[in-house]
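Peer 1: Data file data.cif (mmCIF, C-alpha atoms; chains and numbers go by the auth columns) is appended below.
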```
data_final
loop_
_atom_site.group_PDB
_atom_site.id
_atom_site.type_symbol
_atom_site.label_atom_id
_atom_site.label_comp_id
_atom_site.label_asym_id
_atom_site.label_seq_id
_atom_site.Cartn_x
_atom_site.Cartn_y
_atom_site.Cartn_z
_atom_site.B_iso_or_equiv
_atom_site.auth_seq_id
_atom_site.auth_asym_id
ATOM 1 C CA GLU A 1 0.000 0.000 0.000 0.00 1 A
ATOM 2 C CA ALA A 2 2.990 2.324 0.369 0.00 2 A
ATOM 3 C CA ASP A 3 3.389 2.327 -3.423 0.00 3 A
ATOM 4 C CA LEU A 4 -0.194 3.558 -3.768 0.00 4 A
ATOM 5 C CA GLY A 5 0.768 6.535 -1.625 0.00 5 A
ATOM 6 C CA VAL A 6 3.461 7.464 -4.150 0.00 6 A
ATOM 7 C CA VAL A 7 0.907 7.337 -6.968 0.00 7 A
ATOM 8 C CA GLU A 8 -1.550 9.455 -4.983 0.00 8 A
ATOM 9 C CA ALA A 9 1.108 12.055 -4.199 0.00 9 A
ATOM 10 C CA TYR A 10 2.002 12.268 -7.894 0.00 10 A
ATOM 11 C CA LEU A 11 -1.631 12.656 -8.914 0.00 11 A
ATOM 12 C CA GLU A 12 -2.259 15.422 -6.387 0.00 12 A
ATOM 13 C CA GLN A 13 0.654 17.474 -7.747 0.00 13 A
ATOM 14 C CA GLN A 14 -0.422 17.368 -11.389 0.00 14 A
ATOM 15 C CA ASP A 15 -2.652 19.577 -13.527 0.00 15 A
ATOM 16 C CA PRO A 16 -5.909 17.616 -13.899 0.00 16 A
ATOM 17 C CA GLY A 17 -6.385 18.766 -17.495 0.00 17 A
ATOM 18 C CA LYS A 18 -3.366 16.956 -18.910 0.00 18 A
ATOM 19 C CA ASP A 19 -3.880 13.904 -21.126 0.00 19 A
ATOM 20 C CA GLU A 20 -0.901 12.211 -19.506 0.00 20 A
ATOM 21 C CA LEU A 21 -2.502 12.620 -16.099 0.00 21 A
ATOM 22 C CA LYS A 22 -5.697 11.033 -17.393 0.00 22 A
ATOM 23 C CA LEU A 23 -3.728 7.989 -18.531 0.00 23 A
ATOM 24 C CA VAL A 24 -1.904 7.775 -15.208 0.00 24 A
ATOM 25 C CA ARG A 25 -5.225 7.890 -13.358 0.00 25 A
ATOM 26 C CA LEU A 26 -6.663 5.177 -15.587 0.00 26 A
ATOM 27 C CA ARG A 27 -3.645 2.923 -15.021 0.00 27 A
ATOM 28 C CA ALA A 28 -3.722 3.634 -11.289 0.00 28 A
ATOM 29 C CA ALA A 29 -7.403 2.669 -11.210 0.00 29 A
ATOM 30 C CA GLU A 30 -6.597 -0.593 -13.022 0.00 30 A
ATOM 31 C CA VAL A 31 -3.845 -1.464 -10.557 0.00 31 A
ATOM 32 C CA VAL A 32 -5.899 -0.543 -7.510 0.00 32 A
ATOM 33 C CA GLN A 33 -8.901 -2.543 -8.760 0.00 33 A
ATOM 34 C CA ALA A 34 -6.717 -5.592 -9.385 0.00 34 A
ATOM 35 C CA TYR A 35 -5.280 -5.269 -5.890 0.00 35 A
ATOM 36 C CA ALA A 36 -8.805 -4.911 -4.470 0.00 36 A
ATOM 37 C CA GLU A 37 -9.883 -8.086 -6.270 0.00 37 A
ATOM 38 C CA MET A 38 -6.913 -9.910 -4.773 0.00 38 A
ATOM 39 C CA ARG A 39 -7.818 -8.682 -1.278 0.00 39 A
ATOM 40 C CA THR A 40 -11.456 -9.708 -1.839 0.00 40 A
ATOM 41 C CA SER A 41 -10.323 -13.202 -2.818 0.00 41 A
ATOM 42 C CA ALA A 42 -8.346 -13.336 0.414 0.00 42 A
ATOM 43 C CA GLY A 43 -11.507 -12.435 2.347 0.00 43 A
ATOM 44 C CA GLU A 44 -10.273 -8.959 3.273 0.00 44 A
ATOM 45 C CA ILE A 45 -13.505 -7.192 2.325 0.00 45 A
ATOM 46 C CA VAL A 46 -13.057 -4.046 4.427 0.00 46 A
ATOM 47 C CA ILE A 47 -9.631 -3.429 2.887 0.00 47 A
ATOM 48 C CA SER A 48 -10.858 -4.153 -0.627 0.00 48 A
ATOM 49 C CA SER A 49 -13.815 -1.805 -0.193 0.00 49 A
ATOM 50 C CA GLY A 50 -11.462 1.086 0.546 0.00 50 A
ATOM 51 C CA LEU A 51 -9.383 0.178 -2.482 0.00 51 A
ATOM 52 C CA TYR A 52 -12.457 0.132 -4.727 0.00 52 A
ATOM 53 C CA GLU A 53 -13.366 3.590 -3.398 0.00 53 A
ATOM 54 C CA LYS A 54 -9.876 4.798 -4.296 0.00 54 A
ATOM 55 C CA ALA A 55 -10.094 3.318 -7.804 0.00 55 A
ATOM 56 C CA LEU A 56 -13.477 4.967 -8.247 0.00 56 A
ATOM 57 C CA ARG A 57 -12.007 8.376 -7.357 0.00 57 A
ATOM 58 C CA TYR A 58 -9.295 7.899 -9.996 0.00 58 A
ATOM 59 C CA LEU A 59 -11.871 6.961 -12.635 0.00 59 A
ATOM 60 C CA GLU A 60 -14.172 9.853 -11.738 0.00 60 A
ATOM 61 C CA ALA A 61 -11.236 12.258 -12.063 0.00 61 A
ATOM 62 C CA ALA A 62 -10.093 10.752 -15.371 0.00 62 A
ATOM 63 C CA LEU A 63 -13.397 9.975 -17.090 0.00 63 A
ATOM 64 C CA GLY A 64 -16.109 11.786 -15.172 0.00 64 A
ATOM 65 C CA PRO A 65 -18.863 10.417 -12.951 0.00 65 A
ATOM 66 C CA SER A 66 -21.176 9.227 -15.739 0.00 66 A
ATOM 67 C CA HIS A 67 -18.700 7.282 -17.886 0.00 67 A
ATOM 68 C CA VAL A 68 -19.464 3.580 -18.402 0.00 68 A
ATOM 69 C CA ASP A 69 -16.132 2.493 -16.873 0.00 69 A
ATOM 70 C CA THR A 70 -16.809 4.679 -13.840 0.00 70 A
ATOM 71 C CA SER A 71 -20.238 3.071 -13.514 0.00 71 A
ATOM 72 C CA ARG A 72 -18.658 -0.377 -13.615 0.00 72 A
ATOM 73 C CA ALA A 73 -16.376 0.656 -10.762 0.00 73 A
ATOM 74 C CA VAL A 74 -19.415 1.901 -8.837 0.00 74 A
ATOM 75 C CA HIS A 75 -20.961 -1.551 -9.345 0.00 75 A
ATOM 76 C CA LYS A 76 -17.848 -3.266 -7.954 0.00 76 A
ATOM 77 C CA LEU A 77 -17.909 -0.991 -4.919 0.00 77 A
ATOM 78 C CA ALA A 78 -21.616 -1.736 -4.427 0.00 78 A
ATOM 79 C CA ALA A 79 -20.865 -5.465 -4.393 0.00 79 A
ATOM 80 C CA GLU A 80 -18.189 -4.942 -1.741 0.00 80 A
ATOM 81 C CA LYS A 81 -20.545 -2.865 0.390 0.00 81 A
ATOM 82 C CA ALA A 82 -23.166 -5.622 0.101 0.00 82 A
ATOM 83 C CA ARG A 83 -20.573 -8.178 1.260 0.00 83 A
ATOM 84 C CA GLU A 84 -19.823 -5.927 4.242 0.00 84 A
ATOM 85 C CA GLY A 85 -23.519 -5.916 5.134 0.00 85 A
ATOM 86 C CA GLU A 86 -23.942 -2.258 4.188 0.00 86 A
ATOM 87 C CA GLU A 87 -27.188 -2.935 2.316 0.00 87 A
ATOM 88 C CA GLU A 88 -28.457 0.657 2.177 0.00 88 A
ATOM 89 C CA GLU A 89 -25.187 2.044 0.819 0.00 89 A
ATOM 90 C CA ALA A 90 -24.906 -0.896 -1.585 0.00 90 A
ATOM 91 C CA ALA A 91 -28.422 -0.246 -2.901 0.00 91 A
ATOM 92 C CA GLU A 92 -27.619 3.433 -3.507 0.00 92 A
ATOM 93 C CA LEU A 93 -24.421 2.496 -5.327 0.00 93 A
ATOM 94 C CA TYR A 94 -26.189 -0.150 -7.435 0.00 94 A
ATOM 95 C CA GLU A 95 -28.786 2.462 -8.435 0.00 95 A
ATOM 96 C CA ARG A 96 -26.017 4.920 -9.334 0.00 96 A
ATOM 97 C CA ALA A 97 -24.291 2.228 -11.409 0.00 97 A
ATOM 98 C CA ILE A 98 -27.509 1.434 -13.289 0.00 98 A
ATOM 99 C CA ILE A 99 -28.143 5.108 -14.044 0.00 99 A
ATOM 100 C CA GLY A 100 -24.583 5.561 -15.299 0.00 100 A
ATOM 101 C CA LEU A 101 -24.638 2.411 -17.414 0.00 101 A
ATOM 102 C CA GLU A 102 -27.987 3.315 -18.955 0.00 102 A
ATOM 103 C CA ALA A 103 -26.699 6.821 -19.712 0.00 103 A
ATOM 104 C CA GLY A 104 -23.689 5.361 -21.479 0.00 104 A
ATOM 105 C CA LEU A 105 -25.209 2.289 -23.106 0.00 105 A
ATOM 106 C CA GLY A 106 -28.890 3.138 -23.403 0.00 106 A
ATOM 107 C CA LYS A 107 -31.851 1.905 -21.396 0.00 107 A
ATOM 108 C CA LEU A 108 -32.452 -1.790 -21.116 0.00 108 A
ATOM 109 C CA ASP A 109 -36.075 -2.803 -21.545 0.00 109 A
#
```
Spell out the structure here as structure tokens.

Peer 2:
Amino acid sequence: EADLGVVEAYLEQQDPGKDELKLVRLRAAEVVQAYAEMRTSAGEIVISSGLYEKALRYLEAALGPSHVDTSRAVHKLAAEKAREGEEEEAAELYERAIIGLEAGLGKLD
């Protein structure tokens, strides 16, 4: 997790409008999500939930809150919250994910 701190420090120092920064945020989100999946597999749900939140922040900063990939990350976070027993928060996140996915992909009938 110390390496994630280095990435976060770099991201905080950069101009958010740069294309390079967008790519760094996307790659950071990929790495953090993979790490979260590993922690979930190990049964470390509380840790993985925080990692999914971090990945979501990177994606929101890089792609915006309504992008399809951001919505997928919201869905992953919702699943973690459900595993933690946080049903109300999970339901809100699932709803947000559905709205974002429908905005990006069109409504499913």

Peer 1: I'd like the neighbourhood of segment 31-43 of chain A as an MDAnalysis selection string, where a residue qualifies if any of its atoms comes within 12 Å (using only C-alpha atoms), though same-chain residues fewer than 4 positions away should be ignored.

Peer 2: chainID A and resid 1 3:5 7:8 24:27 47:59 69:70 72:74 76:77 79:81 83:84

Peer 1: Go ahead and compute the interatomic distance for atom CA of Glu86 of chain A and atom CA of Gly106 of chain A, in Å to one decimal.

Peer 2: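 For atom CA of Glu86 of chain A relative to atom CA of Gly106 of chain A, the distance reads 28.5 Å.
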
Peer 1: When you draw a straight line from atom CA of His75 of chain A to atom CA of Ala91 of chain A, how long is it in Å?

Peer 2: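 A separation of 9.9 Å between them.
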
Peer 1: Of the candidates A:Ala82, A:Glu102, A:Glu88, A:Ser71, which one gets nearest to Val46 of chain A if we count all atoms listed in the file?

Peer 2: A:Ala82

Peer 1: Could you check the closest approach to Ala61 of chain A for each of A:Glu44, A:Glu87, A:Asp19, A:Glu95 and tell me which residue wins, using all atoms listed in the file?

Peer 2: A:Asp19

Peer 1: Could you check how far atom CA of Leu21 of chain A sits from atom CA of Glu60 of chain A, in Å to one decimal?

Peer 2: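 That distance, rounded to one decimal, is 12.8 Å.
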
Peer 1: Could you give me, as a list in words, the residues within 8 Å of His67 of chain A, counting all atoms listed in the file and dropping anything in the same chain fewer than 6 positions from it?

Peer 2: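 Near His67 of chain A, the qualifying residues are Gly100, Leu101 and Gly104 of chain A.
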
Peer 1: For Ala78 of chain A, find every residue with an atom within 6 Å (counting all atoms listed in the file), except residues of its own chain fewer than 4 positions away, and show them as a VMD selection string.

Peer 2: chain A and resid 90 93 to 94

Peer 1: Taking all atoms listed in the file into account, name the residue in A:Glu20, A:Ile45, A:Ser66, A:Glu30 that is nearest to Arg96 of chain A.

Peer 2: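 Of A:Glu20, A:Ile45, A:Ser66, A:Glu30, the one nearest Arg96 of chain A is A:Ser66, counting all atoms listed in the file.
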
Peer 1: Please put the answer as JSON: centre and edge lengths, in Å with one decimal, of a box along x, y and z that encloses all listed atoms of segment 83-97 of chain A plus 5 Å on each side.

Peer 2:
```
{"center_x": -24.3, "center_y": -1.6, "center_z": -3.1, "size_x": 19.0, "size_y": 23.1, "size_z": 26.5}
```
